[in-house]
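Asks: Structure: upload14.tsv, TSV, C-alpha atoms.
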chain	number	residue	atom	x	y	z
A	1	MET	CA	51.87	72.35	41.49
A	2	SER	CA	51.85	69.17	39.49
A	3	ILE	CA	48.95	68.08	37.38
A	4	LEU	CA	47.97	64.40	37.66
A	5	THR	CA	46.99	62.72	34.43
A	6	PRO	CA	44.91	59.45	34.39
A	7	ALA	CA	46.80	56.35	33.50
A	8	ALA	CA	45.95	54.58	30.25
A	9	PRO	CA	43.80	51.45	30.72
A	10	GLN	CA	45.61	48.19	30.38
A	11	ASN	CA	44.30	45.48	28.09
A	12	SER	CA	43.81	42.18	29.86
A	13	GLY	CA	43.38	40.15	26.71
A	14	PRO	CA	43.99	40.18	22.97
A	15	ALA	CA	42.55	43.03	20.97
A	16	ARG	CA	39.26	42.38	19.13
A	17	SER	CA	38.70	43.45	15.58
A	18	THR	CA	35.71	45.74	15.10
A	19	SER	CA	36.21	46.69	11.48
A	20	PRO	CA	33.10	47.75	9.46
A	21	THR	CA	33.73	44.97	6.92
A	22	ALA	CA	33.46	42.23	9.55
A	23	LEU	CA	30.34	43.75	11.05
A	24	ASN	CA	28.63	44.02	7.66
A	25	THR	CA	29.55	40.43	6.73
A	26	GLY	CA	28.17	39.05	9.98
A	27	SER	CA	24.94	41.02	9.75
A	28	ARG	CA	24.35	39.91	6.15
A	29	ALA	CA	24.86	36.24	7.13
A	30	ALA	CA	22.46	36.61	10.03
A	31	ARG	CA	19.85	38.20	7.78
A	32	ARG	CA	20.20	35.40	5.25
A	33	ARG	CA	19.75	32.76	7.95
A	34	GLY	CA	16.71	34.55	9.33
A	35	LYS	CA	15.22	34.93	5.87
A	36	ALA	CA	15.75	31.24	5.13
A	37	ARG	CA	14.02	30.32	8.38
A	38	MET	CA	11.12	32.71	7.85
A	39	ASP	CA	10.54	32.09	4.13
A	40	PRO	CA	7.63	29.62	3.88
A	41	THR	CA	7.84	29.22	0.10
A	42	ARG	CA	10.71	26.78	0.19
A	43	ASN	CA	9.05	24.67	2.91
A	44	ASN	CA	5.73	24.66	1.05
A	45	THR	CA	7.42	23.58	-2.18
A	46	ALA	CA	9.18	20.68	-0.46
A	47	ALA	CA	5.96	19.61	1.25
A	48	GLY	CA	4.07	19.80	-2.05
A	49	ILE	CA	6.66	17.66	-3.85
A	50	ALA	CA	6.60	15.09	-1.04
A	51	ALA	CA	2.79	14.99	-1.13
A	52	TRP	CA	2.74	14.45	-4.91
A	53	LEU	CA	5.34	11.67	-4.66
A	54	LEU	CA	3.33	9.97	-1.92
A	55	ALA	CA	0.12	10.30	-3.95
A	56	LEU	CA	1.82	8.77	-7.00
A	57	LEU	CA	3.12	5.94	-4.84
A	58	PHE	CA	-0.44	5.05	-3.84
A	59	ALA	CA	-1.94	5.76	-7.27
A	60	VAL	CA	0.43	3.63	-9.36
A	61	PRO	CA	-1.05	0.23	-8.27
A	62	VAL	CA	-4.58	1.50	-8.92
A	63	LEU	CA	-3.64	2.86	-12.35
A	64	TRP	CA	-1.87	-0.41	-13.15
A	65	MET	CA	-5.01	-2.35	-12.19
A	66	VAL	CA	-7.12	-0.16	-14.51
A	67	LEU	CA	-4.64	-0.61	-17.37
A	68	THR	CA	-4.48	-4.38	-16.86
A	69	SER	CA	-8.27	-4.62	-16.99
A	70	PHE	CA	-8.16	-3.36	-20.60
A	71	HIS	CA	-5.61	-5.98	-21.69
A	72	SER	CA	-6.26	-9.48	-22.94
A	73	GLU	CA	-5.55	-12.36	-20.59
A	74	THR	CA	-2.43	-13.31	-22.52
A	75	ASP	CA	-0.98	-9.78	-22.37
A	76	ALA	CA	-1.95	-9.38	-18.71
A	77	ALA	CA	-0.06	-12.56	-17.76
A	78	THR	CA	3.22	-11.68	-19.51
A	79	ASN	CA	6.36	-11.32	-17.41
A	80	PRO	CA	7.68	-8.64	-17.52
A	81	PRO	CA	4.33	-6.86	-17.92
A	82	SER	CA	3.42	-5.59	-21.37
A	83	VAL	CA	2.53	-1.93	-20.90
A	84	ALA	CA	2.03	-1.09	-24.58
A	85	ALA	CA	-0.22	-4.08	-25.34
A	86	ASN	CA	-3.43	-3.69	-27.33
A	87	LEU	CA	-6.47	-2.54	-25.37
A	88	THR	CA	-9.69	-4.52	-25.34
A	89	LEU	CA	-12.98	-4.71	-23.44
A	90	ASP	CA	-13.13	-8.50	-23.30
A	91	ALA	CA	-12.62	-8.61	-19.50
A	92	TYR	CA	-15.49	-6.20	-18.91
A	93	ARG	CA	-17.75	-8.11	-21.29
A	94	GLU	CA	-17.06	-11.30	-19.38
A	95	PHE	CA	-17.65	-9.59	-16.05
A	96	PHE	CA	-21.08	-8.31	-17.11
A	97	GLY	CA	-22.05	-11.78	-18.30
A	98	GLU	CA	-21.95	-11.48	-22.10
A	99	THR	CA	-19.88	-14.64	-22.40
A	100	SER	CA	-20.49	-16.40	-19.08
A	101	GLY	CA	-24.19	-15.59	-18.69
A	102	VAL	CA	-23.74	-14.69	-15.00
A	103	SER	CA	-24.80	-11.10	-14.29
A	104	PRO	CA	-23.20	-9.10	-11.45
A	105	TRP	CA	-26.12	-6.69	-11.15
A	106	PRO	CA	-28.00	-8.54	-8.35
A	107	SER	CA	-24.85	-8.54	-6.22
A	108	LEU	CA	-24.15	-4.88	-6.95
A	109	ILE	CA	-27.74	-3.95	-6.07
A	110	ASN	CA	-27.52	-5.94	-2.82
A	111	SER	CA	-24.29	-4.16	-1.87
A	112	ALA	CA	-25.79	-0.75	-2.63
A	113	THR	CA	-28.95	-1.55	-0.67
A	114	ALA	CA	-27.12	-2.88	2.38
A	115	SER	CA	-24.53	-0.10	2.40
A	116	ILE	CA	-26.93	2.82	1.91
A	117	LEU	CA	-29.65	1.65	4.31
A	118	SER	CA	-27.19	0.65	7.02
A	119	THR	CA	-25.45	4.02	6.72
A	120	VAL	CA	-28.78	5.84	7.09
A	121	LEU	CA	-29.65	3.79	10.17
A	122	VAL	CA	-26.21	4.41	11.67
A	123	LEU	CA	-26.57	8.18	11.25
A	124	LEU	CA	-30.07	8.18	12.74
A	125	LEU	CA	-28.85	6.29	15.81
A	126	ALA	CA	-25.41	7.85	16.21
A	127	PHE	CA	-26.53	11.48	15.91
A	128	PRO	CA	-28.63	11.67	19.11
A	129	ALA	CA	-26.14	9.45	20.95
A	130	ALA	CA	-23.26	11.75	20.02
A	131	TYR	CA	-25.37	14.77	21.01
A	132	ALA	CA	-25.95	13.30	24.46
A	133	LEU	CA	-22.27	12.45	24.92
A	134	SER	CA	-20.84	15.72	23.65
A	135	ILE	CA	-23.28	18.54	24.47
A	136	ARG	CA	-25.57	17.29	27.21
A	137	PRO	CA	-23.88	16.35	30.50
A	138	VAL	CA	-23.79	12.57	30.86
A	139	LYS	CA	-22.27	10.93	33.92
A	140	LYS	CA	-19.23	8.75	33.19
A	141	TRP	CA	-19.36	9.48	29.48
A	142	THR	CA	-15.78	8.24	29.14
A	143	ASP	CA	-16.92	4.79	30.30
A	144	VAL	CA	-19.64	4.84	27.65
A	145	MET	CA	-17.14	5.76	24.95
A	146	PHE	CA	-14.79	3.01	26.08
A	147	PHE	CA	-17.64	0.53	25.91
A	148	PHE	CA	-18.32	1.55	22.31
A	149	LEU	CA	-14.63	1.17	21.53
A	150	SER	CA	-14.42	-2.23	23.24
A	151	THR	CA	-17.03	-3.63	20.85
A	152	LYS	CA	-14.50	-3.15	18.02
A	153	MET	CA	-11.73	-5.01	19.85
A	154	MET	CA	-13.18	-8.46	19.29
A	155	PRO	CA	-12.39	-9.83	15.82
A	156	VAL	CA	-15.36	-10.52	13.61
A	157	VAL	CA	-14.32	-14.13	13.05
A	158	ALA	CA	-14.86	-14.80	16.78
A	159	ALA	CA	-18.55	-13.89	16.42
A	160	ILE	CA	-19.21	-15.60	13.11
A	161	LEU	CA	-20.38	-18.92	14.55
A	162	PRO	CA	-22.87	-17.42	17.08
A	163	LEU	CA	-24.23	-15.08	14.40
A	164	TYR	CA	-24.60	-17.93	11.93
A	165	LEU	CA	-26.41	-20.14	14.47
A	166	PHE	CA	-28.70	-17.26	15.46
A	167	ALA	CA	-29.49	-16.43	11.83
A	168	ARG	CA	-30.23	-20.07	11.06
A	169	THR	CA	-32.48	-20.37	14.10
A	170	VAL	CA	-34.59	-17.31	13.25
A	171	GLY	CA	-34.56	-18.05	9.50
A	172	ALA	CA	-32.48	-15.00	8.57
A	173	LEU	CA	-29.80	-16.69	6.48
A	174	ASP	CA	-29.42	-15.24	2.98
A	175	ASN	CA	-31.57	-12.27	4.01
A	176	ILE	CA	-30.55	-8.75	3.02
A	177	TRP	CA	-32.33	-7.17	6.02
A	178	PHE	CA	-30.36	-9.26	8.50
A	179	LEU	CA	-27.18	-8.19	6.71
A	180	ILE	CA	-28.27	-4.54	7.01
A	181	LEU	CA	-28.74	-5.07	10.76
A	182	MET	CA	-25.24	-6.56	11.03
A	183	TYR	CA	-23.68	-3.67	9.10
A	184	THR	CA	-25.51	-1.16	11.31
A	185	SER	CA	-24.23	-2.74	14.51
A	186	MET	CA	-20.74	-3.01	13.01
A	187	ASN	CA	-20.47	0.69	12.10
A	188	LEU	CA	-22.42	2.26	14.98
A	189	PRO	CA	-19.53	2.44	17.52
A	190	ILE	CA	-17.10	4.15	15.16
A	191	ALA	CA	-19.86	6.54	14.03
A	192	VAL	CA	-20.61	7.58	17.62
A	193	TRP	CA	-16.91	8.17	18.24
A	194	MET	CA	-16.51	10.31	15.15
A	195	MET	CA	-19.71	12.33	15.49
A	196	ARG	CA	-19.07	13.06	19.16
A	197	SER	CA	-15.83	14.85	18.28
A	198	PHE	CA	-17.64	16.80	15.54
A	199	LEU	CA	-20.61	17.82	17.70
A	200	ALA	CA	-18.29	18.91	20.50
A	201	GLU	CA	-17.22	21.80	18.23
A	202	VAL	CA	-20.74	23.27	18.07
A	203	PRO	CA	-20.82	26.52	20.11
A	204	GLU	CA	-23.00	26.19	23.19
A	205	GLU	CA	-24.14	29.80	22.78
A	206	MET	CA	-26.11	28.81	19.68
A	207	LEU	CA	-27.94	26.11	21.60
A	208	GLU	CA	-28.69	28.42	24.50
A	209	ALA	CA	-30.07	31.06	22.15
A	210	ALA	CA	-32.30	28.49	20.45
A	211	GLN	CA	-33.61	27.27	23.82
A	212	ILE	CA	-34.37	30.83	24.87
A	213	ASP	CA	-36.36	31.28	21.65
A	214	GLY	CA	-38.43	28.22	22.57
A	215	ALA	CA	-37.00	25.61	20.17
A	216	ASN	CA	-37.47	21.99	21.22
A	217	LEU	CA	-34.83	19.26	21.03
A	218	LEU	CA	-35.82	17.93	17.60
A	219	LEU	CA	-35.80	21.43	16.11
A	220	ILE	CA	-32.38	22.14	17.62
A	221	LEU	CA	-30.97	18.90	16.22
A	222	ARG	CA	-32.45	19.46	12.76
A	223	LYS	CA	-32.08	23.22	12.27
A	224	ILE	CA	-29.00	24.17	14.29
A	225	ILE	CA	-26.69	21.26	15.06
A	226	ALA	CA	-27.09	19.32	11.81
A	227	PRO	CA	-26.14	22.24	9.47
A	228	VAL	CA	-23.14	23.20	11.61
A	229	ALA	CA	-21.88	19.61	11.87
A	230	MET	CA	-22.74	18.66	8.27
A	231	PRO	CA	-19.07	18.17	7.22
A	232	GLY	CA	-18.57	15.74	10.08
A	233	ILE	CA	-21.82	13.94	9.31
A	234	ALA	CA	-20.77	13.58	5.66
A	235	ALA	CA	-17.36	12.22	6.66
A	236	THR	CA	-18.97	9.71	9.02
A	237	ALA	CA	-21.49	8.63	6.38
A	238	LEU	CA	-18.80	8.10	3.77
A	239	ILE	CA	-16.62	6.01	6.08
A	240	CYS	CA	-19.59	3.86	7.13
A	241	PHE	CA	-20.56	3.39	3.49
A	242	ILE	CA	-17.03	2.30	2.59
A	243	PHE	CA	-16.86	-0.15	5.49
A	244	SER	CA	-20.20	-1.68	4.52
A	245	TRP	CA	-19.42	-1.84	0.80
A	246	ASN	CA	-16.05	-3.55	1.36
A	247	GLU	CA	-17.19	-5.99	4.04
A	248	LEU	CA	-16.68	-9.62	3.01
A	249	LEU	CA	-16.63	-12.01	5.96
A	250	LEU	CA	-20.17	-11.46	7.26
A	251	ALA	CA	-21.61	-11.40	3.75
A	252	ARG	CA	-19.73	-14.57	2.81
A	253	VAL	CA	-21.02	-16.55	5.79
A	254	LEU	CA	-24.54	-15.13	6.23
A	255	THR	CA	-25.61	-14.83	2.58
A	256	GLY	CA	-25.88	-17.13	-0.39
A	257	VAL	CA	-27.57	-16.75	-3.74
A	258	VAL	CA	-30.30	-14.21	-2.97
A	259	ALA	CA	-28.51	-11.68	-0.73
A	260	GLY	CA	-24.93	-12.07	-1.96
A	261	THR	CA	-22.98	-8.81	-2.20
A	262	ALA	CA	-20.39	-7.55	-4.69
A	263	PRO	CA	-17.32	-8.72	-2.71
A	264	VAL	CA	-18.86	-12.20	-2.45
A	265	PHE	CA	-19.47	-12.17	-6.20
A	266	LEU	CA	-15.87	-11.12	-6.76
A	267	THR	CA	-14.50	-14.05	-4.75
A	268	GLY	CA	-16.55	-16.53	-6.76
A	269	PHE	CA	-16.04	-14.81	-10.11
A	270	VAL	CA	-12.70	-16.45	-10.92
A	271	SER	CA	-12.13	-20.15	-11.26
A	272	GLY	CA	-8.88	-21.81	-10.28
A	273	GLN	CA	-8.02	-22.78	-13.83
A	274	GLY	CA	-6.75	-20.75	-16.76
A	275	LEU	CA	-5.79	-17.10	-16.97
A	276	PHE	CA	-7.89	-14.68	-14.95
A	277	LEU	CA	-5.81	-11.61	-14.11
A	278	ALA	CA	-7.57	-9.24	-16.52
A	279	LYS	CA	-11.00	-10.44	-15.37
A	280	VAL	CA	-10.11	-9.86	-11.71
A	281	CYS	CA	-8.84	-6.35	-12.48
A	282	ALA	CA	-11.99	-5.51	-14.44
A	283	ALA	CA	-14.22	-6.76	-11.62
A	284	ALA	CA	-12.19	-4.84	-9.03
A	285	VAL	CA	-12.44	-1.63	-11.07
A	286	VAL	CA	-16.23	-1.89	-11.42
A	287	ILE	CA	-16.75	-2.71	-7.74
A	288	SER	CA	-14.50	0.18	-6.69
A	289	LEU	CA	-16.33	2.79	-8.78
A	290	PRO	CA	-19.23	3.46	-6.35
A	291	VAL	CA	-16.81	4.19	-3.52
A	292	LEU	CA	-14.76	6.50	-5.76
A	293	PHE	CA	-17.87	8.34	-6.94
A	294	ALA	CA	-19.08	8.77	-3.36
A	295	GLY	CA	-15.68	10.07	-2.31
A	296	PHE	CA	-15.51	12.61	-5.14
A	297	ALA	CA	-19.09	13.74	-4.53
A	298	ALA	CA	-18.42	14.37	-0.84
A	299	GLN	CA	-14.83	15.54	-1.25
A	300	ASP	CA	-15.30	19.05	0.15
A	301	LYS	CA	-17.42	17.91	3.07
A	302	LEU	CA	-15.01	15.05	3.76
A	303	VAL	CA	-11.98	17.34	4.01
A	304	GLN	CA	-13.85	19.78	6.24
A	305	GLY	CA	-15.16	16.98	8.42
A	306	LEU	CA	-11.83	15.23	8.89
A	307	SER	CA	-10.13	18.55	9.72
A	308	LEU	CA	-12.93	19.76	12.03
A	309	GLY	CA	-11.59	20.35	15.48
A	310	ALA	CA	-7.95	20.13	14.39
A	311	VAL	CA	-7.36	23.83	15.11
A	312	LYS	CA	-8.87	25.41	18.18
Let me see the structure of the file written as structure tokens.
Replies:
Amino acid sequence: MSILTPAAPQNSGPARSTSPTALNTGSRAARRRGKARMDPTRNNTAAGIAAWLLALLFAVPVLWMVLTSFHSETDAATNPPSVAANLTLDAYREFFGETSGVSPWPSLINSATASILSTVLVLLLAFPAAYALSIRPVKKWTDVMFFFLSTKMMPVVAAILPLYLFARTVGALDNIWFLILMYTSMNLPIAVWMMRSFLAEVPEEMLEAAQIDGANLLLILRKIIAPVAMPGIAATALICFIFSWNELLLARVLTGVVAGTAPVFLTGFVSGQGLFLAKVCAAAVVISLPVLFAGFAAQDKLVQGLSLGAVK
């Protein structure tokens, strides 16, 4: 009786190497690739370096303007620029009127008055409007938002002549209160857009609980919604203040001697003759300081407000 033995399997292709050395090398390479992909330190370092380079790129012109403001007119006009020139306060003395006799304080006070009061009015008007468009159901709210946005599509220069004729007719030329009204209407659409996105992040459960406890609308707006949306309100206020402080065209056309603002004073500060670069830099530094101080004061609230709603 014969015993049948199974035939050996035949290889249909070339033999593959399965040595332990090759397996270990491949696994180590795969682990290194996975570690490189999963290690956030390298990515964070690269992003930090790129952010610092970008910040320096934007900061160098500002720092150069500040340095030039402390140079004499002769040193400021040299080509190539003289970085190591002697420092002096002559440009600032001339800006504040020690040599020219023209004081910038009335214009600075007018700019502060118009910017602060118009920002307060914008917040008072935009807050309930944003509440109605974000929390309370409003029919065709997208059409309302598009209408607000469409008011910013027309360039200001197209409305200058009608505004000037209207102001002359009602006797509002060179009037700071008419300028405040113009700044309020200019910033109100963008404020409603911004605050609507901020108020949309307020949990509806908080509002329902307050209504169950018997709180009225004013109490809900003041005690519940305003504290929660304070970062967004601060960001909106700062942007409206910056827009009002930097506005030139309306102030140039609608004001004169009494209600002239700081940008208008800056445009008329320099004559067309002689050297004036250091004086312009000094004036620009002084006029930029209120915006910088406001930004630093509201820095935390501004970052929270601009990032509000970015992550669900």
Asks: Find the residue from A:Val156, A:Ala237, A:Ala215, A:Val138 that sits nearest to Leu123 (chain A); use all atoms listed in the file when measuring.
Replies: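 Smallest separation from Leu123 (chain A) among the options: A:Ala237.
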Asks: So that I can check the surroundings of region 125-134 of chain A, please list as an NGL selection string every protein, DNA and RNA residue that reaches within 7 Å of it, counting all atoms listed in the file and ignoring chain neighbours fewer than 6 positions away.
Replies: :A and (141 or 188 or 191-192 or 195-196 or 199-200)
Asks: For the atom pair CA of Ser150 (chain A) and CA of Val170 (chain A), what is the interatomic distance in Å to one decimal place?
Replies: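 If I compute the distance from CA of Ser150 (chain A) to CA of Val170 (chain A), I get 27.1 Å.
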Asks: Out of A:Leu163, A:Leu238, A:Leu124, A:Met194, which residue has the shortest atom-to-atom distance to Met145 (chain A) when counting only C-alpha atoms?
Replies: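 Closest to Met145 (chain A) of all the choices is A:Met194.
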Asks: Between A:Ala283, A:Thr151, A:Ile242, A:Ser72, which is the closest to Val270 (chain A) once you count all atoms listed in the file?
Replies: A:Ala283
Asks: Just give me the gap between CA of Phe166 (chain A) and CA of Val257 (chain A) in Å, one decimal is fine.
Replies: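 Here the two named atoms are 19.2 Å from each other.
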Asks: Rounded to one decimal place, report the CA of Ala112 (chain A)-CA of Leu277 (chain A) distance in Å.
Replies: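 So the two atoms, CA of Ala112 (chain A) and CA of Leu277 (chain A), lie 25.5 Å apart.
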Asks: List as a list in words the residues having at least one atom at most 12 Å from position (-14.5, -17.0, 11.5) as given in the file, counting all atoms listed in the file.
Replies: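 These residues have at least one counted atom within 12 Å: Met154, Pro155, Val156, Val157, Ala158, Ala159, Ile160, Leu161, Pro162, Leu163, Tyr164, Leu248, Leu249, Leu250, Ala251, Arg252, Val253 and Leu254 of chain A.
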Asks: Using all atoms listed in the file, which of A:Lys279, A:Lys223, A:Arg93, A:Arg168 sits nearest Ser69 (chain A)?
Replies: A:Lys279
Asks: Can you pull out every residue within 12 Å of Gly260 (chain A), counting only C-alpha atoms, but drop anything in the same chain fewer than 2 positions away, and send it as a CSV table (one decimal) with C-alpha atoms, in the coordinates of the input?
Replies:
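Ended up saving to part_39.csv:
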chain,number,residue,atom,x,y,z
A,104,PRO,CA,-23.2,-9.1,-11.4
A,105,TRP,CA,-26.1,-6.7,-11.2
A,106,PRO,CA,-28.0,-8.5,-8.4
A,107,SER,CA,-24.8,-8.5,-6.2
A,108,LEU,CA,-24.2,-4.9,-7.0
A,109,ILE,CA,-27.7,-4.0,-6.1
A,110,ASN,CA,-27.5,-5.9,-2.8
A,111,SER,CA,-24.3,-4.2,-1.9
A,112,ALA,CA,-25.8,-0.8,-2.6
A,113,THR,CA,-29.0,-1.6,-0.7
A,114,ALA,CA,-27.1,-2.9,2.4
A,173,LEU,CA,-29.8,-16.7,6.5
A,174,ASP,CA,-29.4,-15.2,3.0
A,175,ASN,CA,-31.6,-12.3,4.0
A,176,ILE,CA,-30.6,-8.8,3.0
A,177,TRP,CA,-32.3,-7.2,6.0
A,179,LEU,CA,-27.2,-8.2,6.7
A,245,TRP,CA,-19.4,-1.8,0.8
A,247,GLU,CA,-17.2,-6.0,4.0
A,248,LEU,CA,-16.7,-9.6,3.0
A,249,LEU,CA,-16.6,-12.0,6.0
A,250,LEU,CA,-20.2,-11.5,7.3
A,251,ALA,CA,-21.6,-11.4,3.8
A,252,ARG,CA,-19.7,-14.6,2.8
A,253,VAL,CA,-21.0,-16.6,5.8
A,254,LEU,CA,-24.5,-15.1,6.2
A,255,THR,CA,-25.6,-14.8,2.6
A,256,GLY,CA,-25.9,-17.1,-0.4
A,257,VAL,CA,-27.6,-16.8,-3.7
A,258,VAL,CA,-30.3,-14.2,-3.0
A,262,ALA,CA,-20.4,-7.6,-4.7
A,263,PRO,CA,-17.3,-8.7,-2.7
A,264,VAL,CA,-18.9,-12.2,-2.4
A,265,PHE,CA,-19.5,-12.2,-6.2
A,266,LEU,CA,-15.9,-11.1,-6.8
A,267,THR,CA,-14.5,-14.0,-4.8
A,268,GLY,CA,-16.6,-16.5,-6.8
Asks: Could you name the residues that touch region 83-91 of chain A at 12 Å or less, counting only C-alpha atoms, but leaving out those on the same chain fewer than 5 positions away, as a ChimeraX atom specification?
Replies: /A:63-78,96-100,269-270,275-286
Asks: Go through A:Leu292, A:Ile49, A:Val120, A:Val228 and flag the residue nearest Pro203 (chain A), using only C-alpha atoms for the distances.
Replies: A:Val228
Asks: Between A:Gly171, A:Gly101, A:Gly295, A:Gly48, which residue has the minimum interatomic distance to Cys240 (chain A), considering only C-alpha atoms?
Replies: A:Gly295
